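Please read the structure below before turning to the comments.
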Amino acid sequence: MKKSEDEELREAIELMFYAYRDFTAEPDAILADYGFGRAHHRVIYFVGRNPGMTVRQLLDILKITKQSLARVLRQLIDEGFVKQLQDENDGRRRLHYLCDKGLRLENLLTVRQGRRIKSAYAAADPDAIKGFRRILRGMINEGDRERVSGDN
């Protein structure tokens, strides 16, 4: 018996909920040891991936309020995970980089999440992986798709 489109979509939503729960569980536990949450993780990840990011660039990616970002960024700077430097070309802008401590935490979190993805990829064929990546890309708001490298 063939599943209805509604049932297929509900199944996909449920898979996303479970996958996200498990994808974030281990990093959440590690972050909790530092008194950090998912917003800290995202800042650490994106600053590590894009050294020299400005607050504006972080806000554009994270889609959080400036106040929320300021609180998270201040804590990461104060605790030595992120450093903020003045832009030599525009003294009003602050550029953000991971400190050694931030690099170590970012690597720890990314390695853990990477293992989960690598394990899932190992159970799939190359076409399934390409399809999965196309689906994820399709779920990203159109204006942000160019931010992510990979298959179009």
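Each chain in the structure tokens gets a letter, A, B and so on, in the order shown; residues start at 1 in every chain, and ligands are counted from 1 in the order they appear.
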* To do: Fewer than 3 positions away in the same chain doesn't count, so skip those; otherwise give me all residues within 9 Å of segment 66-68 of chain A, counting only C-alpha atoms, as number ranges by chain.
  => A: 39, 55-56, 59, 71-73
Residues flagged strand (DSSP E or B) by DSSP in chain A, as a short mmCIF file (atom, residue, chain, number, x, y, z; two decimals) with C-alpha atoms, in the first residue's frame:
data_model
loop_
_atom_site.label_atom_id
_atom_site.label_comp_id
_atom_site.auth_asym_id
_atom_site.auth_seq_id
_atom_site.Cartn_x
_atom_site.Cartn_y
_atom_site.Cartn_z
CA MET A 53 33.57 37.72 10.50
CA VAL A 82 36.84 34.38 20.57
CA LYS A 83 38.96 37.44 19.99
CA GLN A 84 37.70 40.68 18.51
CA LEU A 85 40.03 42.88 16.48
CA GLN A 86 39.47 46.28 14.95
CA ARG A 94 35.14 44.47 14.65
CA LEU A 95 36.45 41.25 13.17
CA HIS A 96 36.08 37.99 15.07
CA TYR A 97 38.49 35.06 15.24
CA LEU A 98 38.68 31.95 17.35
#
* Could you pull the residues within 12 Å of Arg112 of chain A, counting only C-alpha atoms, minus those fewer than 5 positions along the same chain, as a list in words? -> Asp22, Phe23, Thr24, Ala25, Glu26, Pro27, Asp28, Ala29, Ile30, Leu105, Glu106, Asn107, Ile117, Lys118 and Ser119 of chain A
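Remark: for Thr54 of chain A, the closest of the candidate residues A:Lys2, A:Arg104, A:Arg133, A:Arg93 is A:Arg93 (distances computed over only C-alpha atoms).
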* **Which of segment 43-150 of chain A fall in helix (DSSP H, G or I), as a VMD selection string** => chain A and resid 43 to 49 55 to 62 66 to 78 100 to 122 126 to 139 142 to 147
Same residues, C-alpha atoms, saved as an mmCIF file, in the first residue's frame:
data_model
loop_
_atom_site.group_PDB
_atom_site.id
_atom_site.type_symbol
_atom_site.label_atom_id
_atom_site.label_comp_id
_atom_site.auth_asym_id
_atom_site.auth_seq_id
_atom_site.Cartn_x
_atom_site.Cartn_y
_atom_site.Cartn_z
ATOM 1 C CA VAL A 43 28.945 31.402 16.770
ATOM 2 C CA ILE A 44 32.013 29.239 17.421
ATOM 3 C CA TYR A 45 31.315 27.148 14.324
ATOM 4 C CA PHE A 46 30.766 30.046 11.927
ATOM 5 C CA VAL A 47 33.622 32.211 13.253
ATOM 6 C CA GLY A 48 35.880 29.162 12.947
ATOM 7 C CA ARG A 49 34.666 28.513 9.409
ATOM 8 C CA VAL A 55 28.795 41.155 13.763
ATOM 9 C CA ARG A 56 26.656 41.981 10.710
ATOM 10 C CA GLN A 57 27.784 38.799 8.935
ATOM 11 C CA LEU A 58 27.052 36.711 12.022
ATOM 12 C CA LEU A 59 23.606 38.293 12.366
ATOM 13 C CA ASP A 60 22.863 37.570 8.695
ATOM 14 C CA ILE A 61 23.757 33.893 9.115
ATOM 15 C CA LEU A 62 22.358 33.202 12.571
ATOM 16 C CA LYS A 66 21.652 41.795 17.917
ATOM 17 C CA GLN A 67 21.047 41.696 21.682
ATOM 18 C CA SER A 68 21.182 37.877 21.776
ATOM 19 C CA LEU A 69 24.349 37.816 19.690
ATOM 20 C CA ALA A 70 25.969 40.512 21.843
ATOM 21 C CA ARG A 71 25.358 38.471 25.003
ATOM 22 C CA VAL A 72 26.756 35.249 23.482
ATOM 23 C CA LEU A 73 29.713 36.985 21.823
ATOM 24 C CA ARG A 74 30.599 38.885 25.008
ATOM 25 C CA GLN A 75 30.715 35.642 26.986
ATOM 26 C CA LEU A 76 32.855 33.920 24.335
ATOM 27 C CA ILE A 77 35.254 36.892 24.254
ATOM 28 C CA ASP A 78 35.395 37.242 28.037
ATOM 29 C CA ASP A 100 43.256 28.595 20.619
ATOM 30 C CA LYS A 101 40.662 27.636 23.223
ATOM 31 C CA GLY A 102 37.866 28.325 20.725
ATOM 32 C CA LEU A 103 39.648 26.376 17.989
ATOM 33 C CA ARG A 104 39.933 23.353 20.293
ATOM 34 C CA LEU A 105 36.252 23.495 21.256
ATOM 35 C CA GLU A 106 35.123 24.017 17.668
ATOM 36 C CA ASN A 107 37.204 21.053 16.545
ATOM 37 C CA LEU A 108 35.880 18.832 19.340
ATOM 38 C CA LEU A 109 32.269 19.637 18.462
ATOM 39 C CA THR A 110 32.762 19.372 14.695
ATOM 40 C CA VAL A 111 34.615 16.056 14.946
ATOM 41 C CA ARG A 112 31.754 14.586 17.007
ATOM 42 C CA GLN A 113 29.105 15.770 14.581
ATOM 43 C CA GLY A 114 31.266 14.800 11.623
ATOM 44 C CA ARG A 115 31.464 11.220 12.890
ATOM 45 C CA ARG A 116 27.683 10.993 12.926
ATOM 46 C CA ILE A 117 27.436 12.266 9.346
ATOM 47 C CA LYS A 118 30.306 10.041 8.199
ATOM 48 C CA SER A 119 28.567 7.013 9.700
ATOM 49 C CA ALA A 120 25.317 7.879 7.910
ATOM 50 C CA TYR A 121 27.192 8.452 4.637
ATOM 51 C CA ALA A 122 28.872 5.051 4.980
ATOM 52 C CA PRO A 126 26.889 8.218 -3.535
ATOM 53 C CA ASP A 127 23.603 9.068 -5.284
ATOM 54 C CA ALA A 128 21.740 9.018 -1.964
ATOM 55 C CA ILE A 129 24.334 11.347 -0.460
ATOM 56 C CA LYS A 130 24.008 13.761 -3.390
ATOM 57 C CA GLY A 131 20.223 13.613 -3.079
ATOM 58 C CA PHE A 132 20.384 14.232 0.660
ATOM 59 C CA ARG A 133 22.601 17.263 0.102
ATOM 60 C CA ARG A 134 20.190 18.581 -2.568
ATOM 61 C CA ILE A 135 17.262 18.186 -0.168
ATOM 62 C CA LEU A 136 19.098 20.006 2.631
ATOM 63 C CA ARG A 137 20.077 22.779 0.222
ATOM 64 C CA GLY A 138 16.445 23.012 -0.922
ATOM 65 C CA MET A 139 15.331 23.497 2.692
ATOM 66 C CA GLU A 142 16.940 30.721 -1.244
ATOM 67 C CA GLY A 143 18.922 33.835 -0.315
ATOM 68 C CA ASP A 144 21.265 31.812 1.911
ATOM 69 C CA ARG A 145 21.947 28.865 -0.399
ATOM 70 C CA GLU A 146 25.052 30.451 -1.898
ATOM 71 C CA ARG A 147 26.597 30.612 1.596
#
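Atom CA of Arg42 of chain A is positioned 25.6 Å from atom CA of Asp90 of chain A.
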* Asked: Looking at only C-alpha atoms, which of A:Ala124, A:Leu31, A:Met16, A:Cys99 is the one that sits closest to Phe81 of chain A?
  -> A:Cys99
* Structure fact -> Using only C-alpha atoms, the best pick from A:Glu8, A:Asn89, A:Glu79, A:Asp125 as closest to Phe36 of chain A would be A:Glu79
* Structure fact -> Students should find that atom CA of Ile64 of chain A and atom CA of His40 of chain A are spaced 11.9 Å
